[in-house]
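To keep things clear, I will list the structure first and then write my remarks on it.
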Amino acid sequence: MLSPLARLLFPEHDMPNLTYLYDDNQPVEPEWYCPILPMVLVNGAEGIGTGYSTKVPNFDVRQIVENLKKMINGEEPEEMIPSYKNFIGTITPAGYQKYTVRGNVEVIDTKTVEITELPIASWTQAYKENALEPMLNGTEKVPPIITDYKDYYTDTTVKFVLSLTEDKLAEAEQAGLHKKFKLEAAINTSNMVLFDALGCLRKYESPLDILKEFFELRLERYAIRKAWLEGMLTAESDKLNNQARFILEKIEGHIIIGKCSFRFLGIE
C-alpha cells in the first residue's frame, strides 16, 4: 500500500504538471516525479547500467532539510556526511570524496572484547563466517587471534563477545582494534552518476551539487504549480460568477424559462 508519507513527499497538486508517458496510447507514469526532497540522497543509489555505474550513499534527511532551508534564505548549504538510519558506529571524513566507517568495539577486561556494531553493509552472519571463524581457527599464514567467541545478535542489534589471551589483546590494541577485527570500511562519493532532469547522464562531484541542482528544479516546479493553481481557481471563480449571474438574471426576469415546443423535421 502507498505510504501515508508518499503524498507529503509527492504533493498531489504537482501531478497534473508532470510529463506523462504513453504505452499503447494509454497514459502511464511520468518521465520523472518531483518530490519536495531529493530522495536519491535520502535513500542512496547503487547499481550498474550500460556503460556506467553509480553509487550514492545515504544522507541524513534532517540535514538535507536544513540545507534546503538555508538555500531558501539565501545562505550557503553546509557540507554533508553520509548517514544511515539506526547505524550507531562512526562515519568520518578521510580525504577528498572519502569517508571511513567504523563499527563499535570495546575492551571489557584483559581477555574479553565486545563488538556492538559492524560497518555499513556488513551482515552479522557474513561477519561471523568471513571474519570471526578465520580469527578463531587461523589459516596457513595467520595464526589464530581469538580463543572463542559468543554471538548474541538479533535481527536489529549486533553483539559479539570475543575471548582471547592477554598477549593477543595487547597486540590487537597496538594494531588498532577496528583494523584487527575488521570493523573498518570505506565510503566514497567519487562515482555519483545520475540522470538529470533532461534525461542525460551526469557525474556529480559532491552531494551538494545534487542538492543545488534539485533546489533550482524544485523552484521551477513550484512556479509551474502556482500558475496551474491560479488557472484552476480562476476557472472555478468564473464558473461560480456565471452561475450567480444566471440566478440573479432569472430572479430579475431578464431570463425567462418556461415550457417550449420544439419542432424538428415535422416532429413535435
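So you can find residues: chains in the C-alpha cells are A, B, ... in the order shown, residues in each start at 1, and ligands are numbered from 1 in order.
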
List the neighbours of range 128-142 of chain A out to 8 Å using only C-alpha atoms; skip same-chain residues closer than 6 positions along the sequence, and give me the result as a PDB file with N, CA and C atoms, in the first residue's frame.
ATOM      1  N   ASP A 148      37.865 -17.950  21.516  1.00  0.00           N
ATOM      2  CA  ASP A 148      36.452 -18.319  21.452  1.00  0.00           C
ATOM      3  C   ASP A 148      35.637 -17.051  21.198  1.00  0.00           C
ATOM      4  N   TYR A 149      34.409 -17.241  20.771  1.00  0.00           N
ATOM      5  CA  TYR A 149      33.507 -16.094  20.642  1.00  0.00           C
ATOM      6  C   TYR A 149      32.073 -16.563  20.858  1.00  0.00           C
ATOM      7  N   PHE A 181      40.052  -6.365  14.038  1.00  0.00           N
ATOM      8  CA  PHE A 181      38.826  -7.157  13.994  1.00  0.00           C
ATOM      9  C   PHE A 181      37.939  -6.833  12.784  1.00  0.00           C
ATOM     10  N   LYS A 182      38.547  -6.184  11.790  1.00  0.00           N
ATOM     11  CA  LYS A 182      37.886  -5.919  10.504  1.00  0.00           C
ATOM     12  C   LYS A 182      36.561  -5.170  10.689  1.00  0.00           C
TER      13      LYS A 182
END

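Within range 169-214 of chain A, DSSP applied to the backbone places the following residues in strand (DSSP E): Glu184, Ala185, Ala186, Ile187, Asn188, Met192, Val193, Leu194, Phe195, Leu201, Arg202, Lys203 and Tyr204 of chain A.
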
Please dump the current selection as a compact mmCIF listing (two decimals), in the first residue's frame; keep all heavy atoms.
# COMPACT_ATOMS: atom_id res chain seq x y z
N GLU A 184 36.40 -1.83 9.96
CA GLU A 184 36.55 -0.60 9.19
C GLU A 184 36.15 -0.84 7.75
O GLU A 184 36.39 -1.90 7.19
CB GLU A 184 38.00 -0.09 9.23
CG GLU A 184 38.33 0.72 10.45
CD GLU A 184 39.68 1.41 10.32
OE1 GLU A 184 40.37 1.19 9.29
OE2 GLU A 184 40.03 2.17 11.22
N ALA A 185 35.51 0.16 7.17
CA ALA A 185 35.15 0.10 5.76
C ALA A 185 35.25 1.52 5.21
O ALA A 185 35.46 2.49 5.95
CB ALA A 185 33.74 -0.46 5.58
N ALA A 186 35.12 1.64 3.91
CA ALA A 186 35.25 2.95 3.26
C ALA A 186 34.00 3.27 2.44
O ALA A 186 33.38 2.37 1.86
CB ALA A 186 36.48 2.99 2.37
N ILE A 187 33.64 4.52 2.43
CA ILE A 187 32.57 5.04 1.57
C ILE A 187 33.17 6.17 0.75
O ILE A 187 33.92 7.00 1.28
CB ILE A 187 31.38 5.57 2.39
CG1 ILE A 187 30.68 4.44 3.14
CG2 ILE A 187 30.38 6.30 1.51
CD1 ILE A 187 29.53 4.92 4.00
N ASN A 188 32.87 6.21 -0.53
CA ASN A 188 33.35 7.33 -1.34
C ASN A 188 32.20 7.91 -2.16
O ASN A 188 31.18 7.25 -2.39
CB ASN A 188 34.50 6.90 -2.26
CG ASN A 188 34.06 5.87 -3.28
OD1 ASN A 188 33.36 6.20 -4.24
ND2 ASN A 188 34.46 4.63 -3.09
N MET A 192 29.19 9.23 -8.28
CA MET A 192 27.76 9.54 -8.22
C MET A 192 27.29 9.97 -9.61
O MET A 192 27.38 11.13 -10.00
CB MET A 192 27.51 10.64 -7.19
CG MET A 192 27.89 10.24 -5.77
SD MET A 192 27.31 11.38 -4.49
CE MET A 192 28.17 12.87 -4.96
N VAL A 193 26.80 9.01 -10.36
CA VAL A 193 26.33 9.24 -11.73
C VAL A 193 24.82 9.08 -11.74
O VAL A 193 24.29 8.04 -11.36
CB VAL A 193 26.98 8.24 -12.71
CG1 VAL A 193 26.50 8.51 -14.13
CG2 VAL A 193 28.50 8.34 -12.64
N LEU A 194 24.12 10.12 -12.19
CA LEU A 194 22.66 10.12 -12.18
C LEU A 194 22.12 10.75 -13.46
O LEU A 194 22.83 11.50 -14.14
CB LEU A 194 22.14 10.92 -10.98
CG LEU A 194 22.56 10.45 -9.59
CD1 LEU A 194 22.19 11.50 -8.55
CD2 LEU A 194 21.92 9.11 -9.26
N PHE A 195 20.87 10.44 -13.77
CA PHE A 195 20.17 11.13 -14.84
C PHE A 195 19.69 12.48 -14.32
O PHE A 195 19.09 12.56 -13.25
CB PHE A 195 18.97 10.32 -15.32
CG PHE A 195 19.32 9.12 -16.14
CD1 PHE A 195 19.34 7.86 -15.57
CD2 PHE A 195 19.66 9.25 -17.48
CE1 PHE A 195 19.67 6.74 -16.33
CE2 PHE A 195 19.99 8.15 -18.24
CZ PHE A 195 20.00 6.88 -17.67
N LEU A 201 22.88 11.58 -18.61
CA LEU A 201 23.73 11.11 -17.52
C LEU A 201 24.73 12.19 -17.15
O LEU A 201 25.33 12.84 -18.00
CB LEU A 201 24.48 9.84 -17.95
CG LEU A 201 23.68 8.54 -17.91
CD1 LEU A 201 24.50 7.41 -18.51
CD2 LEU A 201 23.27 8.19 -16.49
N ARG A 202 24.90 12.36 -15.85
CA ARG A 202 25.83 13.38 -15.37
C ARG A 202 26.52 12.86 -14.13
O ARG A 202 25.90 12.22 -13.28
CB ARG A 202 25.07 14.67 -15.05
CG ARG A 202 25.97 15.76 -14.49
CD ARG A 202 25.19 17.02 -14.17
NE ARG A 202 25.99 17.95 -13.40
CZ ARG A 202 25.55 19.08 -12.86
NH1 ARG A 202 24.28 19.40 -13.01
NH2 ARG A 202 26.34 19.85 -12.17
N LYS A 203 27.80 13.15 -14.02
CA LYS A 203 28.57 12.76 -12.85
C LYS A 203 28.64 13.96 -11.90
O LYS A 203 29.08 15.05 -12.29
CB LYS A 203 29.98 12.31 -13.24
CG LYS A 203 30.79 11.80 -12.05
CD LYS A 203 32.14 11.27 -12.51
CE LYS A 203 32.94 10.73 -11.32
NZ LYS A 203 34.26 10.21 -11.74
N TYR A 204 28.24 13.75 -10.66
CA TYR A 204 28.22 14.81 -9.66
C TYR A 204 29.43 14.65 -8.74
O TYR A 204 29.73 13.56 -8.27
CB TYR A 204 26.93 14.76 -8.84
CG TYR A 204 25.70 15.04 -9.68
CD1 TYR A 204 25.06 14.02 -10.37
CD2 TYR A 204 25.20 16.33 -9.79
CE1 TYR A 204 23.95 14.27 -11.16
CE2 TYR A 204 24.08 16.60 -10.56
CZ TYR A 204 23.45 15.57 -11.25
OH TYR A 204 22.35 15.82 -12.02

| request: Write out as a VMD selection string all residues of range 85-239 of chain A that backbone DSSP assigns to alpha helix (DSSP H). | output: chain A and resid 124 to 127 133 to 137 166 to 175 177 to 180 207 to 239

Requested write-out: C-alpha atoms of the selected residues, as a tab-separated table (two decimals), in the first residue's frame:
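selection_12.tsv, written as the output of this step:
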chain	number	residue	atom	x	y	z
A	124	THR	CA	26.23	-10.48	11.17
A	125	GLN	CA	26.22	-13.96	9.61
A	126	ALA	CA	28.72	-12.99	6.93
A	127	TYR	CA	30.95	-11.29	9.51
A	133	GLU	CA	35.88	-18.02	12.09
A	134	PRO	CA	39.29	-17.39	10.46
A	135	MET	CA	40.35	-15.49	13.61
A	136	LEU	CA	39.33	-18.48	15.71
A	137	ASN	CA	40.75	-21.29	13.57
A	166	GLU	CA	46.20	-11.05	27.23
A	167	ASP	CA	49.10	-11.05	24.75
A	168	LYS	CA	46.79	-11.19	21.73
A	169	LEU	CA	44.61	-8.42	23.16
A	170	ALA	CA	47.67	-6.24	23.70
A	171	GLU	CA	48.72	-6.87	20.08
A	172	ALA	CA	45.21	-6.01	18.85
A	173	GLU	CA	45.16	-2.75	20.81
A	174	GLN	CA	48.56	-1.80	19.46
A	175	ALA	CA	47.50	-2.50	15.87
A	177	LEU	CA	41.03	-2.79	17.44
A	178	HIS	CA	38.96	-1.72	14.43
A	179	LYS	CA	41.56	-2.84	11.90
A	180	LYS	CA	42.43	-6.01	13.77
A	207	PRO	CA	26.17	15.70	-2.68
A	208	LEU	CA	25.83	19.49	-2.59
A	209	ASP	CA	25.94	19.55	-6.40
A	210	ILE	CA	22.95	17.20	-6.43
A	211	LEU	CA	21.19	19.27	-3.77
A	212	LYS	CA	21.72	22.58	-5.60
A	213	GLU	CA	20.50	21.22	-8.92
A	214	PHE	CA	17.43	19.77	-7.22
A	215	PHE	CA	16.79	23.10	-5.47
A	216	GLU	CA	16.66	25.04	-8.74
A	217	LEU	CA	14.48	22.42	-10.41
A	218	ARG	CA	12.07	22.28	-7.47
A	219	LEU	CA	11.71	26.08	-7.52
A	220	GLU	CA	10.72	25.89	-11.20
A	221	ARG	CA	8.11	23.24	-10.37
A	222	TYR	CA	6.68	25.47	-7.63
A	223	ALA	CA	6.28	28.30	-10.16
A	224	ILE	CA	4.55	25.92	-12.60
A	225	ARG	CA	2.31	24.57	-9.83
A	226	LYS	CA	1.38	28.10	-8.72
A	227	ALA	CA	0.42	29.09	-12.28
A	228	TRP	CA	-1.68	25.92	-12.63
A	229	LEU	CA	-3.45	26.52	-9.32
A	230	GLU	CA	-4.15	30.15	-10.28
A	231	GLY	CA	-5.64	28.97	-13.56
A	232	MET	CA	-7.81	26.39	-11.81
A	233	LEU	CA	-9.01	28.91	-9.23
A	234	THR	CA	-9.70	31.48	-11.94
A	235	ALA	CA	-11.76	28.95	-13.91
A	236	GLU	CA	-13.68	27.99	-10.76
A	237	SER	CA	-14.27	31.67	-9.96
A	238	ASP	CA	-15.58	32.34	-13.48
A	239	LYS	CA	-17.89	29.35	-13.20

Residues within 9 Å of Ala45 in chain A, only C-alpha atoms, excluding chain neighbours under 3 positions, as a CSV table (one decimal) with all heavy atoms, in the first residue's frame:
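In the end it all went to around.csv:
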chain,number,residue,atom,x,y,z
A,40,VAL,N,17.0,10.7,-3.8
A,40,VAL,CA,18.2,9.9,-4.1
A,40,VAL,C,19.3,10.1,-3.1
A,40,VAL,O,20.1,9.2,-2.8
A,40,VAL,CB,18.8,10.3,-5.5
A,40,VAL,CG1,19.4,11.7,-5.5
A,40,VAL,CG2,19.8,9.3,-6.0
A,41,LEU,N,19.3,11.3,-2.4
A,41,LEU,CA,20.3,11.5,-1.3
A,41,LEU,C,19.8,10.9,0.0
A,41,LEU,O,20.6,10.4,0.8
A,41,LEU,CB,20.5,13.0,-1.1
A,41,LEU,CG,21.2,13.8,-2.2
A,41,LEU,CD1,21.3,15.2,-1.8
A,41,LEU,CD2,22.6,13.2,-2.5
A,54,THR,N,27.0,3.5,-10.8
A,54,THR,CA,26.8,4.6,-9.8
A,54,THR,C,26.7,4.1,-8.4
A,54,THR,O,26.4,3.0,-8.2
A,54,THR,CB,25.4,5.4,-10.2
A,54,THR,OG1,25.3,6.5,-9.3
A,54,THR,CG2,24.2,4.4,-9.9
A,55,LYS,N,27.1,5.0,-7.5
A,55,LYS,CA,27.0,4.7,-6.1
A,55,LYS,C,26.8,6.0,-5.3
A,55,LYS,O,27.7,6.8,-5.3
A,55,LYS,CB,28.2,3.9,-5.5
A,55,LYS,CG,28.0,3.5,-4.1
A,55,LYS,CD,29.1,2.6,-3.6
A,55,LYS,CE,28.9,2.0,-2.2
A,55,LYS,NZ,29.9,1.1,-1.8
A,56,VAL,N,25.6,6.2,-4.7
A,56,VAL,CA,25.3,7.4,-4.0
A,56,VAL,C,25.0,6.9,-2.5
A,56,VAL,O,24.1,6.1,-2.3
A,56,VAL,CB,24.1,8.1,-4.5
A,56,VAL,CG1,23.8,9.4,-3.7
A,56,VAL,CG2,24.4,8.5,-6.0
A,57,PRO,N,25.8,7.3,-1.5
A,57,PRO,CA,25.5,6.9,-0.2
A,57,PRO,C,24.2,7.6,0.4
A,57,PRO,O,23.7,8.6,-0.3
A,57,PRO,CB,26.7,7.4,0.6
A,57,PRO,CG,27.3,8.5,-0.2
A,57,PRO,CD,27.0,8.2,-1.6
A,58,ASN,N,23.7,7.2,1.5
A,58,ASN,CA,22.6,7.8,2.2
A,58,ASN,C,23.1,9.0,3.0
A,58,ASN,O,24.2,9.1,3.5
A,58,ASN,CB,21.9,6.9,3.1
A,58,ASN,CG,21.4,5.6,2.4
A,58,ASN,OD1,21.9,5.2,1.4
A,58,ASN,ND2,20.3,5.0,3.0
A,192,MET,N,29.2,9.2,-8.3
A,192,MET,CA,27.8,9.5,-8.2
A,192,MET,C,27.3,10.0,-9.6
A,192,MET,O,27.4,11.1,-10.0
A,192,MET,CB,27.5,10.6,-7.2
A,192,MET,CG,27.9,10.2,-5.8
A,192,MET,SD,27.3,11.4,-4.5
A,192,MET,CE,28.2,12.9,-5.0

| query | Which polymer residues have any atom within 12 Å of an atom of range 1-6 of chain A, counting only C-alpha atoms, with same-chain residues fewer than 2 positions away left out, as JSON, numbers by chain? | reply | {"A": [8, 9, 10, 11, 12, 33, 34, 35, 36, 37, 39]}

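Remark: for Thr19 in chain A, the closest of the candidate residues A:Leu240, A:Ala197, A:Leu162, A:Ile91 is A:Ala197 (distances computed over only C-alpha atoms).
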